[in-house]
$ cat data.cif   # mmCIF, C-alpha atoms and all ligand atoms
data_run
#
loop_
_atom_site.label_atom_id
_atom_site.label_comp_id
_atom_site.auth_asym_id
_atom_site.auth_seq_id
_atom_site.Cartn_x
_atom_site.Cartn_y
_atom_site.Cartn_z
CA MET S 1 2.15 19.47 -17.65
CA LYS S 2 -0.64 21.52 -19.09
CA LEU S 3 -0.73 25.31 -19.43
CA ILE S 4 -4.17 26.86 -19.50
CA GLY S 5 -3.97 30.10 -21.44
CA SER S 6 -4.78 32.12 -24.51
CA LEU S 7 -2.88 33.36 -27.56
CA THR S 8 -3.51 37.02 -26.70
CA SER S 9 -2.64 37.26 -22.99
CA PRO S 10 0.78 38.88 -22.43
CA TYR S 11 1.14 37.02 -19.11
CA VAL S 12 0.57 33.70 -20.87
CA ARG S 13 3.05 34.72 -23.55
CA LYS S 14 5.69 35.42 -20.89
CA VAL S 15 5.23 31.98 -19.39
CA ARG S 16 5.24 30.26 -22.79
CA ILE S 17 8.50 32.03 -23.70
CA VAL S 18 10.07 31.02 -20.40
CA LEU S 19 9.04 27.39 -20.95
CA LEU S 20 10.36 27.43 -24.54
CA GLU S 21 13.67 28.97 -23.47
CA LYS S 22 13.94 26.37 -20.70
CA LYS S 23 13.07 23.64 -23.22
CA VAL S 24 10.27 22.39 -20.98
CA ASP S 25 7.39 20.84 -22.92
CA VAL S 26 3.82 21.64 -21.91
CA ASP S 27 0.48 21.21 -23.63
CA LEU S 28 -1.26 24.53 -24.21
CA GLU S 29 -4.98 24.35 -23.47
CA LEU S 30 -6.81 27.41 -24.78
CA GLU S 31 -9.42 28.89 -22.47
CA ASN S 32 -11.56 31.99 -22.98
CA VAL S 33 -11.81 33.30 -19.44
CA TRP S 34 -14.29 35.96 -20.57
CA ALA S 35 -16.83 33.40 -21.81
CA ALA S 36 -19.86 32.80 -19.59
CA ASP S 37 -19.15 29.05 -19.49
CA THR S 38 -15.42 29.27 -18.72
CA LYS S 39 -14.13 26.44 -16.51
CA ILE S 40 -11.04 28.32 -15.37
CA ALA S 41 -12.31 28.65 -11.78
CA LEU S 42 -12.09 24.88 -11.38
CA ASN S 43 -8.31 25.36 -11.39
CA ASN S 44 -7.84 29.02 -10.46
CA PRO S 45 -10.55 30.54 -8.25
CA LEU S 46 -9.32 33.98 -9.36
CA GLY S 47 -10.55 33.13 -12.84
CA LYS S 48 -7.30 34.14 -14.51
CA ILE S 49 -4.80 32.73 -16.93
CA PRO S 50 -2.05 31.57 -17.12
CA CYS S 51 -2.57 28.54 -14.91
CA LEU S 52 -0.13 25.63 -14.99
CA ILE S 53 -1.44 22.18 -14.13
CA LEU S 54 1.28 19.88 -12.87
CA ASP S 55 1.33 16.18 -13.69
CA ASP S 56 -0.19 15.38 -10.26
CA GLY S 57 -3.06 17.82 -10.94
CA GLU S 58 -1.88 20.65 -8.70
CA ALA S 59 -2.52 24.10 -10.15
CA ILE S 60 0.14 26.81 -10.11
CA TYR S 61 -0.57 30.51 -10.75
CA ASP S 62 0.08 33.40 -11.39
CA SER S 63 2.54 34.09 -14.21
CA ARG S 64 5.32 35.21 -11.86
CA VAL S 65 5.03 32.04 -9.81
CA ILE S 66 4.94 29.87 -12.94
CA ALA S 67 7.97 31.65 -14.42
CA GLU S 68 9.93 31.22 -11.21
CA TYR S 69 8.96 27.56 -10.97
CA ALA S 70 9.77 26.92 -14.64
CA ASP S 71 13.24 28.36 -14.17
CA THR S 72 14.00 25.54 -11.71
CA LEU S 73 12.86 22.78 -14.07
CA SER S 74 15.87 22.61 -16.37
CA PRO S 75 19.47 23.78 -16.18
CA VAL S 76 19.38 25.46 -19.62
CA SER S 77 19.08 29.25 -19.86
CA LYS S 78 19.07 30.37 -16.24
CA LEU S 79 16.60 33.24 -16.31
CA ILE S 80 16.53 34.38 -12.67
CA PRO S 81 19.87 34.97 -10.93
CA ALA S 82 20.55 33.13 -7.68
CA GLY S 83 21.86 36.10 -5.67
CA SER S 84 19.12 37.78 -3.66
CA ARG S 85 19.89 41.36 -4.75
CA GLU S 86 20.17 40.41 -8.43
CA ARG S 87 17.07 38.29 -8.16
CA ALA S 88 15.15 41.22 -6.73
CA ALA S 89 16.38 43.44 -9.56
CA VAL S 90 15.17 41.00 -12.23
CA LYS S 91 11.85 40.52 -10.43
CA THR S 92 11.43 44.30 -10.22
CA TRP S 93 11.83 44.50 -14.01
CA GLU S 94 9.19 41.81 -14.25
CA ALA S 95 6.86 43.73 -11.90
CA LEU S 96 7.35 46.87 -14.01
CA ALA S 97 6.56 45.00 -17.24
CA ASP S 98 3.57 43.19 -15.74
CA GLY S 99 2.40 46.54 -14.37
CA VAL S 100 2.29 47.95 -17.91
CA GLU S 101 0.04 45.05 -18.88
CA ASP S 102 -2.11 45.44 -15.76
CA ALA S 103 -2.65 49.14 -16.53
CA GLY S 104 -3.31 48.44 -20.20
CA ILE S 105 -5.88 45.79 -19.39
CA LEU S 106 -7.66 48.05 -16.87
CA ALA S 107 -7.78 50.87 -19.44
CA ARG S 108 -9.06 48.55 -22.14
CA LEU S 109 -11.70 46.90 -19.96
CA GLU S 110 -13.01 50.34 -19.05
CA VAL S 111 -13.79 51.07 -22.69
CA THR S 112 -14.66 47.56 -23.89
CA LEU S 113 -16.76 46.25 -20.98
CA ARG S 114 -18.55 49.36 -19.69
CA PRO S 115 -21.31 51.20 -21.52
CA LEU S 116 -20.15 54.61 -22.77
CA GLU S 117 -22.05 56.61 -20.14
CA GLN S 118 -20.40 54.68 -17.30
CA GLN S 119 -16.85 55.01 -18.59
CA SER S 120 -14.41 57.17 -16.67
CA PRO S 121 -11.87 59.05 -18.82
CA GLU S 122 -10.01 59.92 -15.58
CA TRP S 123 -9.55 56.24 -14.84
CA VAL S 124 -8.31 55.53 -18.35
CA ASN S 125 -5.92 58.51 -18.14
CA ARG S 126 -4.64 57.28 -14.80
CA GLN S 127 -3.78 53.90 -16.33
CA MET S 128 -2.24 55.46 -19.44
CA SER S 129 0.01 57.66 -17.33
CA LYS S 130 1.26 54.54 -15.50
CA ILE S 131 2.08 52.99 -18.87
CA ASN S 132 3.92 56.11 -20.04
CA ALA S 133 5.90 56.38 -16.81
CA ALA S 134 6.80 52.69 -16.88
CA LEU S 135 7.98 52.81 -20.51
CA ALA S 136 10.13 55.86 -19.70
CA GLN S 137 11.63 54.04 -16.72
CA MET S 138 12.33 50.93 -18.82
CA SER S 139 14.15 53.04 -21.40
CA ARG S 140 16.14 54.92 -18.75
CA ALA S 141 17.14 51.76 -16.93
CA LEU S 142 18.08 49.90 -20.12
CA GLY S 143 20.20 52.79 -21.39
CA GLU S 144 22.82 51.55 -23.83
CA ASN S 145 22.96 48.08 -22.28
CA ALA S 146 22.33 45.00 -24.40
CA TRP S 147 20.03 43.45 -21.80
CA CYS S 148 17.83 44.74 -19.00
CA HIS S 149 19.94 43.08 -16.32
CA GLY S 150 23.51 41.83 -16.52
CA ASN S 151 25.13 40.54 -19.70
CA GLN S 152 22.69 37.87 -20.79
CA MET S 153 18.98 37.50 -21.40
CA THR S 154 16.97 37.06 -18.21
CA LEU S 155 13.34 36.98 -17.19
CA ALA S 156 13.56 40.79 -17.13
CA ASP S 157 14.00 40.92 -20.92
CA ILE S 158 11.27 38.35 -21.49
CA ALA S 159 8.80 40.27 -19.34
CA VAL S 160 9.72 43.61 -20.93
CA GLY S 161 9.47 42.09 -24.42
CA CYS S 162 5.99 40.80 -23.64
CA ALA S 163 4.88 44.20 -22.35
CA LEU S 164 6.22 45.90 -25.49
CA GLY S 165 4.56 43.29 -27.69
CA TYR S 166 1.32 43.88 -25.82
CA MET S 167 1.62 47.62 -26.51
CA LEU S 168 2.01 46.92 -30.23
CA PHE S 169 -0.93 44.54 -30.14
CA ARG S 170 -3.46 46.54 -28.14
CA PHE S 171 -2.15 50.12 -28.13
CA PRO S 172 -0.63 50.66 -31.58
CA ASP S 173 -1.12 54.42 -31.24
CA ILE S 174 1.43 54.69 -28.45
CA THR S 175 4.63 55.76 -30.19
CA TRP S 176 7.12 54.09 -27.86
CA GLN S 177 9.25 52.74 -30.73
CA ALA S 178 10.06 56.24 -32.00
CA GLN S 179 10.31 57.66 -28.50
CA TYR S 180 12.55 54.94 -27.09
CA PRO S 181 14.84 53.51 -29.80
CA ASN S 182 16.71 51.44 -27.19
CA LEU S 183 13.49 49.61 -26.25
CA ASP S 184 12.74 49.11 -29.93
CA ALA S 185 16.21 47.61 -30.52
CA LEU S 186 15.71 45.25 -27.58
CA TYR S 187 12.30 44.22 -28.88
CA GLN S 188 13.60 43.60 -32.42
CA LYS S 189 16.43 41.49 -30.99
CA LEU S 190 14.04 39.45 -28.86
CA MET S 191 11.74 38.89 -31.83
CA GLN S 192 14.62 37.11 -33.61
CA ARG S 193 14.31 34.32 -31.06
CA PRO S 194 11.97 31.46 -31.95
CA SER S 195 10.38 31.66 -28.47
CA PHE S 196 9.22 35.23 -29.15
CA ALA S 197 8.39 34.75 -32.82
CA GLU S 198 6.28 31.64 -32.14
CA THR S 199 4.26 33.29 -29.39
CA ALA S 200 3.50 36.64 -31.06
CA PRO S 201 -0.18 37.46 -30.58
CA PRO S 202 -2.39 36.86 -33.62
CA ALA S 203 -3.24 39.88 -35.75
CA ALA S 204 -5.92 41.89 -33.90
N1 LIG S 301 -1.13 38.82 -12.23
C1 LIG S 301 -1.70 37.82 -13.10
C2 LIG S 301 -2.55 38.49 -14.16
C3 LIG S 301 -3.24 37.48 -15.06
C4 LIG S 301 -4.40 38.11 -15.82
O1 LIG S 301 -4.92 39.17 -15.43
N2 LIG S 301 -4.80 37.42 -16.90
C5 LIG S 301 -5.93 37.91 -17.65
C6 LIG S 301 -5.78 37.50 -19.12
S1 LIG S 301 -4.66 38.61 -19.90
C7 LIG S 301 -7.18 37.22 -17.13
O2 LIG S 301 -7.18 36.02 -17.01
N3 LIG S 301 -8.23 38.00 -16.83
C8 LIG S 301 -9.49 37.48 -16.44
C9 LIG S 301 -10.11 38.25 -15.31
O3 LIG S 301 -9.47 39.21 -14.83
O4 LIG S 301 -11.21 37.90 -14.91
C10 LIG S 301 -0.56 37.00 -13.74
O5 LIG S 301 0.57 37.51 -13.78
O6 LIG S 301 -0.78 35.84 -14.12
#
$ encode --input "data.cif" --output "structure tokens"
Amino acid sequence: MKLIGSLTSPYVRKVRIVLLEKKVDVDLELENVWAADTKIALNNPLGKIPCLILDDGEAIYDSRVIAEYADTLSPVSKLIPAGSRERAAVKTWEALADGVEDAGILARLEVTLRPLEQQSPEWVNRQMSKINAALAQMSRALGENAWCHGNQMTLADIAVGCALGYMLFRFPDITWQAQYPNLDALYQKLMQRPSFAETAPPAA
């Protein structure tokens, strides 16, 4: 299988970590989806990464679908519980973490893609308040627990770890580590794992 992605996308990182934890080998094909000549639409008409190309050529996206599919590919490290309620809880953590990235990307695009006079500070503030609310909710829900859900690492922790890593990478001024020591402890613990260490975004 081939994973089309980048080294900076937090969604791609989540999928790469899942595949590493599941011990599923894929070739990573780097694609700059922002380049004028990107070929991503040949596989994903939405023009987004990650996109997983199966051995028969079928394309699978987005990151939540790929993560769910990858969890079925090997019996090692079950990342999504089988029970429907537990599954929904883990997927809600994932939605929360992905939502932090969605808001961060929208805020960043506003200031990196638009000329200054067209930028909306209200829009950026709206996205930043989503990020702040989501980080507070993550910290509240994690509490003193070792993992986001249950007593072992799940997709919830992987998704949250990627969102926190994305904050460090793109929003270093947000002081979540001092504000939420429990999230920081979780992140430091995750970074001990080769899957997280190997996929850390390159220095900005
Ligand atoms: N919900 C999607 C989001 C993927 C996404 O937005 N990826 C970004 C890279 S970080 C992208 O490809 N953006 C290109 C675009 O929006 O045109 C997922 O979970 O895979």
$ residues_near_ligand --input "data.cif" --ligand "ligand LIG 301 (chain S)" --cutoff "8 Å" --atoms "only C-alpha atoms and all ligand atoms" --output "PDB file with C-alpha atoms, in the frame of the given file"
ATOM      1  CA  GLY S   5      -3.970  30.100 -21.440  1.00  0.00           C
ATOM      2  CA  SER S   6      -4.780  32.120 -24.510  1.00  0.00           C
ATOM      3  CA  THR S   8      -3.510  37.020 -26.700  1.00  0.00           C
ATOM      4  CA  SER S   9      -2.640  37.260 -22.990  1.00  0.00           C
ATOM      5  CA  PRO S  10       0.780  38.880 -22.430  1.00  0.00           C
ATOM      6  CA  TYR S  11       1.140  37.020 -19.110  1.00  0.00           C
ATOM      7  CA  VAL S  12       0.570  33.700 -20.870  1.00  0.00           C
ATOM      8  CA  VAL S  33     -11.810  33.300 -19.440  1.00  0.00           C
ATOM      9  CA  TRP S  34     -14.290  35.960 -20.570  1.00  0.00           C
ATOM     10  CA  LEU S  46      -9.320  33.980  -9.360  1.00  0.00           C
ATOM     11  CA  GLY S  47     -10.550  33.130 -12.840  1.00  0.00           C
ATOM     12  CA  LYS S  48      -7.300  34.140 -14.510  1.00  0.00           C
ATOM     13  CA  ILE S  49      -4.800  32.730 -16.930  1.00  0.00           C
ATOM     14  CA  PRO S  50      -2.050  31.570 -17.120  1.00  0.00           C
ATOM     15  CA  CYS S  51      -2.570  28.540 -14.910  1.00  0.00           C
ATOM     16  CA  TYR S  61      -0.570  30.510 -10.750  1.00  0.00           C
ATOM     17  CA  ASP S  62       0.080  33.400 -11.390  1.00  0.00           C
ATOM     18  CA  SER S  63       2.540  34.090 -14.210  1.00  0.00           C
ATOM     19  CA  ARG S  64       5.320  35.210 -11.860  1.00  0.00           C
ATOM     20  CA  ASP S  98       3.570  43.190 -15.740  1.00  0.00           C
ATOM     21  CA  ASP S 102      -2.110  45.440 -15.760  1.00  0.00           C
ATOM     22  CA  ILE S 105      -5.880  45.790 -19.390  1.00  0.00           C
TER      23      ILE S 105
END
$ residues_around --input "data.cif" --residues "region 128-143 of chain S" --least-positions-apart "2" --cutoff "7 Å" --atoms "all atoms listed in the file" --output "list in words"
Leu96, Val100, Ala103, Val124, Asn125, Arg126, Asn145, Trp147, Cys148, Tyr180, Asn182 and Leu183 of chain S
$ residues_around --input "data.cif" --residues "Leu73 (chain S)" --least-positions-apart "5" --cutoff "10 Å" --atoms "only C-alpha atoms" --output "PyMOL selection string"
chain S and resi 19+22-24+68
$ residues_around --input "data.cif" --residues "region 82-91 of chain S" --least-positions-apart "4" --cutoff "7 Å" --atoms "only C-alpha atoms" --output "JSON, numbers by chain"
{"S": [95, 149, 155, 156]}
$ closest_residue --input "data.cif" --among "S:Arg114, S:Lys39, S:Lys78, S:Arg108" --to "Met167 (chain S)" --atoms "all atoms listed in the file"
S:Arg108
$ atom_distance --input "data.cif" --atom1 "CA of Val160 (chain S)" --atom2 "CA of Gln188 (chain S)"
12.1 Å
$ atom_distance --input "data.cif" --atom1 "CA of Pro181 (chain S)" --atom2 "CA of Tyr166 (chain S)"
17.1 Å
$ axis_aligned_box --input "data.cif" --around "region 91-94 of chain S" --padding-each-side "3 Å" --output "JSON"
{"center_x": 10.5, "center_y": 42.5, "center_z": -12.2, "size_x": 8.7, "size_y": 10.0, "size_z": 10.0}
$ atom_distance --input "data.cif" --atom1 "CA of Leu190 (chain S)" --atom2 "CA of Asp157 (chain S)"
8.1 Å
$ closest_residue --input "data.cif" --among "S:Ile80, S:Ile174, S:Met1, S:Leu42" --to "Met153 (chain S)" --atoms "only C-alpha atoms"
S:Ile80
$ closest_residue --input "data.cif" --among "S:Ala146, S:Ala36, S:Pro202, S:Phe171" --to "Lys189 (chain S)" --atoms "all atoms listed in the file"
S:Ala146
$ closest_residue --input "data.cif" --among "S:Ala185, S:Gln152, S:Leu7, S:Leu168" --to "Asn32 (chain S)" --atoms "only C-alpha atoms"
S:Leu7
$ closest_residue --input "data.cif" --among "S:Glu117, S:Asp71, S:Asp184, S:Asp173" --to "Glu21 (chain S)" --atoms "only C-alpha atoms"
S:Asp71
